[in-house]
file structure-v9.pdb (PDB, C-alpha atoms, pLDDT in the B column)
ATOM      1  CA  MET A   1      51.122  14.630 -20.161  1.00 93.00           C
ATOM      2  CA  ARG A   2      50.885  13.985 -16.446  1.00 93.00           C
ATOM      3  CA  PHE A   3      51.615  10.874 -14.433  1.00 93.00           C
ATOM      4  CA  ASP A   4      50.199  11.097 -10.922  1.00 94.00           C
ATOM      5  CA  ALA A   5      52.495   8.758  -9.023  1.00 94.00           C
ATOM      6  CA  PRO A   6      56.111   8.057  -8.204  1.00 95.00           C
ATOM      7  CA  LEU A   7      57.931   6.057 -10.861  1.00 96.00           C
ATOM      8  CA  PHE A   8      58.829   2.689  -9.384  1.00 95.00           C
ATOM      9  CA  PHE A   9      58.918  -1.008 -10.236  1.00 96.00           C
ATOM     10  CA  ALA A  10      55.168  -1.552  -9.827  1.00 96.00           C
ATOM     11  CA  ASP A  11      54.069   1.173 -12.234  1.00 96.00           C
ATOM     12  CA  ALA A  12      57.040   1.646 -14.563  1.00 96.00           C
ATOM     13  CA  GLU A  13      55.429  -0.288 -17.417  1.00 96.00           C
ATOM     14  CA  ILE A  14      52.116   1.502 -16.803  1.00 97.00           C
ATOM     15  CA  PHE A  15      54.000   4.780 -17.176  1.00 97.00           C
ATOM     16  CA  ARG A  16      55.598   3.616 -20.421  1.00 97.00           C
ATOM     17  CA  ALA A  17      52.208   2.487 -21.768  1.00 97.00           C
ATOM     18  CA  ALA A  18      50.703   5.872 -20.846  1.00 96.00           C
ATOM     19  CA  VAL A  19      53.430   7.714 -22.775  1.00 96.00           C
ATOM     20  CA  GLU A  20      52.994   5.409 -25.778  1.00 95.00           C
ATOM     21  CA  ALA A  21      49.199   5.900 -25.665  1.00 95.00           C
ATOM     22  CA  ALA A  22      49.645   9.682 -25.568  1.00 92.00           C
ATOM     23  CA  ILE A  23      51.911   9.501 -28.608  1.00 93.00           C
ATOM     24  CA  ALA A  24      49.439   7.302 -30.477  1.00 93.00           C
ATOM     25  CA  THR A  25      46.559   9.624 -29.585  1.00 93.00           C
ATOM     26  CA  HIS A  26      48.373  12.737 -30.751  1.00 87.00           C
ATOM     27  CA  GLY A  27      49.953  11.427 -33.925  1.00 83.00           C
ATOM     28  CA  SER A  28      53.691  11.375 -33.210  1.00 78.00           C
ATOM     29  CA  PRO A  29      54.298  14.749 -31.557  1.00 88.00           C
ATOM     30  CA  SER A  30      57.688  16.437 -31.748  1.00 90.00           C
ATOM     31  CA  ARG A  31      57.966  16.658 -27.942  1.00 94.00           C
ATOM     32  CA  ILE A  32      56.491  14.984 -24.879  1.00 95.00           C
ATOM     33  CA  VAL A  33      56.439  17.122 -21.739  1.00 96.00           C
ATOM     34  CA  LEU A  34      55.847  15.190 -18.557  1.00 96.00           C
ATOM     35  CA  ALA A  35      54.315  17.188 -15.715  1.00 96.00           C
ATOM     36  CA  GLY A  36      56.527  15.817 -12.975  1.00 94.00           C
ATOM     37  CA  GLU A  37      55.242  17.447  -9.806  1.00 94.00           C
ATOM     38  CA  PRO A  38      53.551  14.233  -8.566  1.00 94.00           C
ATOM     39  CA  ILE A  39      56.703  12.197  -9.221  1.00 95.00           C
ATOM     40  CA  THR A  40      58.254  12.085  -5.761  1.00 93.00           C
ATOM     41  CA  ASP A  41      60.461   9.036  -6.320  1.00 95.00           C
ATOM     42  CA  ILE A  42      62.153   7.214  -9.192  1.00 97.00           C
ATOM     43  CA  ASP A  43      63.598   3.772  -8.494  1.00 97.00           C
ATOM     44  CA  SER A  44      66.147   1.833 -10.543  1.00 97.00           C
ATOM     45  CA  THR A  45      63.519  -0.263 -12.355  1.00 97.00           C
ATOM     46  CA  ALA A  46      61.655   2.859 -13.459  1.00 97.00           C
ATOM     47  CA  ALA A  47      64.957   4.447 -14.488  1.00 98.00           C
ATOM     48  CA  GLU A  48      65.664   1.464 -16.758  1.00 98.00           C
ATOM     49  CA  VAL A  49      62.194   1.699 -18.286  1.00 98.00           C
ATOM     50  CA  LEU A  50      62.650   5.455 -18.791  1.00 98.00           C
ATOM     51  CA  ALA A  51      66.054   4.882 -20.426  1.00 98.00           C
ATOM     52  CA  ASP A  52      64.496   2.368 -22.843  1.00 98.00           C
ATOM     53  CA  LEU A  53      61.643   4.777 -23.525  1.00 98.00           C
ATOM     54  CA  LEU A  54      64.144   7.552 -24.266  1.00 98.00           C
ATOM     55  CA  ASP A  55      65.848   5.238 -26.774  1.00 98.00           C
ATOM     56  CA  ASP A  56      62.514   4.691 -28.519  1.00 97.00           C
ATOM     57  CA  LEU A  57      61.657   8.400 -28.457  1.00 97.00           C
ATOM     58  CA  ASP A  58      65.086   9.271 -29.876  1.00 97.00           C
ATOM     59  CA  ALA A  59      64.551   6.768 -32.695  1.00 96.00           C
ATOM     60  CA  ALA A  60      61.178   8.376 -33.437  1.00 95.00           C
ATOM     61  CA  THR A  61      62.716  11.899 -33.179  1.00 95.00           C
ATOM     62  CA  ILE A  62      60.415  12.813 -30.303  1.00 95.00           C
ATOM     63  CA  GLU A  63      61.987  15.031 -27.661  1.00 95.00           C
ATOM     64  CA  PHE A  64      61.316  14.371 -23.975  1.00 97.00           C
ATOM     65  CA  ALA A  65      61.101  17.034 -21.290  1.00 97.00           C
ATOM     66  CA  PHE A  66      59.986  17.460 -17.700  1.00 98.00           C
ATOM     67  CA  ALA A  67      58.008  20.320 -16.204  1.00 98.00           C
ATOM     68  CA  GLU A  68      57.623  20.927 -12.480  1.00 97.00           C
ATOM     69  CA  LEU A  69      59.886  18.038 -11.420  1.00 97.00           C
ATOM     70  CA  LYS A  70      61.157  18.766  -7.921  1.00 95.00           C
ATOM     71  CA  GLY A  71      64.730  18.485  -6.626  1.00 94.00           C
ATOM     72  CA  PRO A  72      64.578  14.892  -5.338  1.00 94.00           C
ATOM     73  CA  GLY A  73      63.392  13.602  -8.720  1.00 95.00           C
ATOM     74  CA  LYS A  74      66.126  15.512 -10.505  1.00 96.00           C
ATOM     75  CA  TYR A  75      68.684  14.148  -8.071  1.00 97.00           C
ATOM     76  CA  GLN A  76      67.545  10.589  -8.736  1.00 97.00           C
ATOM     77  CA  LEU A  77      67.679  11.144 -12.487  1.00 98.00           C
ATOM     78  CA  ARG A  78      71.246  12.443 -12.068  1.00 97.00           C
ATOM     79  CA  THR A  79      72.119   9.325 -10.068  1.00 97.00           C
ATOM     80  CA  TYR A  80      70.908   7.120 -12.944  1.00 98.00           C
ATOM     81  CA  GLY A  81      72.596   9.282 -15.618  1.00 97.00           C
ATOM     82  CA  LEU A  82      69.264  10.290 -17.109  1.00 98.00           C
ATOM     83  CA  PHE A  83      69.292  13.986 -16.191  1.00 98.00           C
ATOM     84  CA  GLU A  84      72.261  14.621 -18.455  1.00 97.00           C
ATOM     85  CA  ARG A  85      70.815  12.387 -21.150  1.00 97.00           C
ATOM     86  CA  ILE A  86      67.561  14.339 -21.224  1.00 98.00           C
ATOM     87  CA  GLY A  87      69.491  17.605 -21.029  1.00 97.00           C
ATOM     88  CA  GLU A  88      69.337  20.339 -18.432  1.00 96.00           C
ATOM     89  CA  ASP A  89      67.556  22.586 -20.935  1.00 96.00           C
ATOM     90  CA  ARG A  90      64.625  20.128 -21.014  1.00 97.00           C
ATOM     91  CA  PHE A  91      63.671  20.660 -17.372  1.00 98.00           C
ATOM     92  CA  TYR A  92      61.190  23.500 -16.958  1.00 98.00           C
ATOM     93  CA  PRO A  93      59.929  24.999 -13.701  1.00 97.00           C
ATOM     94  CA  THR A  94      56.356  25.252 -15.060  1.00 96.00           C
ATOM     95  CA  ILE A  95      54.232  23.694 -17.769  1.00 94.00           C
ATOM     96  CA  GLY A  96      53.657  27.147 -19.249  1.00 91.00           C
ATOM     97  CA  LEU A  97      57.395  27.705 -19.704  1.00 95.00           C
ATOM     98  CA  ALA A  98      57.737  24.271 -21.295  1.00 95.00           C
ATOM     99  CA  VAL A  99      55.015  25.138 -23.803  1.00 90.00           C
ATOM    100  CA  ARG A 100      56.500  28.566 -24.537  1.00 89.00           C
ATOM    101  CA  ALA A 101      59.939  27.048 -25.113  1.00 92.00           C
ATOM    102  CA  HIS A 102      58.517  24.475 -27.523  1.00 89.00           C
ATOM    103  CA  VAL A 103      56.557  27.133 -29.417  1.00 88.00           C
ATOM    104  CA  ALA A 104      59.644  29.335 -29.721  1.00 88.00           C
ATOM    105  CA  GLU A 105      62.046  26.538 -30.677  1.00 88.00           C
ATOM    106  CA  HIS A 106      59.777  25.008 -33.300  1.00 80.00           C
ATOM    107  CA  GLU A 107      58.072  28.165 -34.575  1.00 78.00           C
ATOM    108  CA  VAL A 108      54.659  26.760 -33.741  1.00 76.00           C
ATOM    109  CA  GLU A 109      51.683  29.046 -34.219  1.00 75.00           C
ATOM    110  CA  TRP A 110      50.107  29.298 -30.781  1.00 69.00           C
ATOM    111  CA  LYS A 111      47.509  31.452 -29.117  1.00 70.00           C
ATOM    112  CA  ASP A 112      47.282  31.223 -25.351  1.00 68.00           C
ATOM    113  CA  TRP A 113      43.687  31.034 -24.125  1.00 64.00           C
ATOM    114  CA  GLU A 114      44.624  33.438 -21.322  1.00 68.00           C
ATOM    115  CA  GLU A 115      45.361  36.136 -23.914  1.00 68.00           C
ATOM    116  CA  ASP A 116      41.725  36.247 -25.082  1.00 64.00           C
TER     117      ASP A 116
END
call {"tool": "encode", "arguments": {"input": "structure-v9.pdb", "output": "structure tokens"}}
result
Amino acid sequence: MRFDAPLFFADAEIFRAAVEAAIATHGSPSRIVLAGEPITDIDSTAAEVLADLLDDLDAATIEFAFAELKGPGKYQLRTYGLFERIGEDRFYPTIGLAVRAHVAEHEVEWKDWEED
């Protein structure tokens, strides 16, 4: 999924609702990958909401990962202790690499449309 804004106090709950809606739409996926390129800032309120969301995802056995999150966002997540919680191996430089990793780790049958 993609969230086209910084994560801060004014949209933190909107972000959480968007993630929950994506999960409901897709029937409890095994992993959520957030395309993080538009996320240029993460404030403490959003970090708290993300931490609570990670608790809920852990309870539902849904993995969380970022793709395309730039250095400043990673730095802020480190500051809040969330980078380590998510795990360095769940930060991907591209969406394509995030998908390929998921396919390989979970033995998902996948055919890339670009291969046709």
call {"tool": "resolve_selection", "arguments": {"input": "structure-v9.pdb", "expression": "the PyMOL selection byres ((chain A and resi 68-83) around 12)", "output": "mmCIF file with C-alpha atoms, in the coordinates of the input"}}
result
data_model
loop_
_atom_site.group_PDB
_atom_site.id
_atom_site.type_symbol
_atom_site.label_atom_id
_atom_site.label_comp_id
_atom_site.auth_asym_id
_atom_site.auth_seq_id
_atom_site.Cartn_x
_atom_site.Cartn_y
_atom_site.Cartn_z
ATOM 1 C CA MET A 1 51.122 14.630 -20.161
ATOM 2 C CA ARG A 2 50.885 13.985 -16.446
ATOM 3 C CA PHE A 3 51.615 10.874 -14.433
ATOM 4 C CA ASP A 4 50.199 11.097 -10.922
ATOM 5 C CA ALA A 5 52.495 8.758 -9.023
ATOM 6 C CA PRO A 6 56.111 8.057 -8.204
ATOM 7 C CA LEU A 7 57.931 6.057 -10.861
ATOM 8 C CA PHE A 8 58.829 2.689 -9.384
ATOM 9 C CA VAL A 33 56.439 17.122 -21.739
ATOM 10 C CA LEU A 34 55.847 15.190 -18.557
ATOM 11 C CA ALA A 35 54.315 17.188 -15.715
ATOM 12 C CA GLY A 36 56.527 15.817 -12.975
ATOM 13 C CA GLU A 37 55.242 17.447 -9.806
ATOM 14 C CA PRO A 38 53.551 14.233 -8.566
ATOM 15 C CA ILE A 39 56.703 12.197 -9.221
ATOM 16 C CA THR A 40 58.254 12.085 -5.761
ATOM 17 C CA ASP A 41 60.461 9.036 -6.320
ATOM 18 C CA ILE A 42 62.153 7.214 -9.192
ATOM 19 C CA ASP A 43 63.598 3.772 -8.494
ATOM 20 C CA SER A 44 66.147 1.833 -10.543
ATOM 21 C CA THR A 45 63.519 -0.263 -12.355
ATOM 22 C CA ALA A 46 61.655 2.859 -13.459
ATOM 23 C CA ALA A 47 64.957 4.447 -14.488
ATOM 24 C CA GLU A 48 65.664 1.464 -16.758
ATOM 25 C CA VAL A 49 62.194 1.699 -18.286
ATOM 26 C CA LEU A 50 62.650 5.455 -18.791
ATOM 27 C CA ALA A 51 66.054 4.882 -20.426
ATOM 28 C CA ASP A 52 64.496 2.368 -22.843
ATOM 29 C CA LEU A 53 61.643 4.777 -23.525
ATOM 30 C CA LEU A 54 64.144 7.552 -24.266
ATOM 31 C CA ASP A 55 65.848 5.238 -26.774
ATOM 32 C CA PHE A 64 61.316 14.371 -23.975
ATOM 33 C CA ALA A 65 61.101 17.034 -21.290
ATOM 34 C CA PHE A 66 59.986 17.460 -17.700
ATOM 35 C CA ALA A 67 58.008 20.320 -16.204
ATOM 36 C CA GLU A 84 72.261 14.621 -18.455
ATOM 37 C CA ARG A 85 70.815 12.387 -21.150
ATOM 38 C CA ILE A 86 67.561 14.339 -21.224
ATOM 39 C CA GLY A 87 69.491 17.605 -21.029
ATOM 40 C CA GLU A 88 69.337 20.339 -18.432
ATOM 41 C CA ASP A 89 67.556 22.586 -20.935
ATOM 42 C CA ARG A 90 64.625 20.128 -21.014
ATOM 43 C CA PHE A 91 63.671 20.660 -17.372
ATOM 44 C CA TYR A 92 61.190 23.500 -16.958
ATOM 45 C CA PRO A 93 59.929 24.999 -13.701
ATOM 46 C CA THR A 94 56.356 25.252 -15.060
ATOM 47 C CA ILE A 95 54.232 23.694 -17.769
ATOM 48 C CA GLY A 96 53.657 27.147 -19.249
ATOM 49 C CA LEU A 97 57.395 27.705 -19.704
ATOM 50 C CA ALA A 98 57.737 24.271 -21.295
#
call {"tool": "atom_distance", "arguments": {"input": "structure-v9.pdb", "atom1": "CA of Ser28 (chain A)", "atom2": "CA of Val103 (chain A)"}}
result
16.5 Å
call {"tool": "atom_distance", "arguments": {"input": "structure-v9.pdb", "atom1": "CA of Pro29 (chain A)", "atom2": "CA of Glu109 (chain A)"}}
result
14.8 Å
call {"tool": "atom_distance", "arguments": {"input": "structure-v9.pdb", "atom1": "CA of His102 (chain A)", "atom2": "CA of Arg31 (chain A)"}}
result
7.8 Å
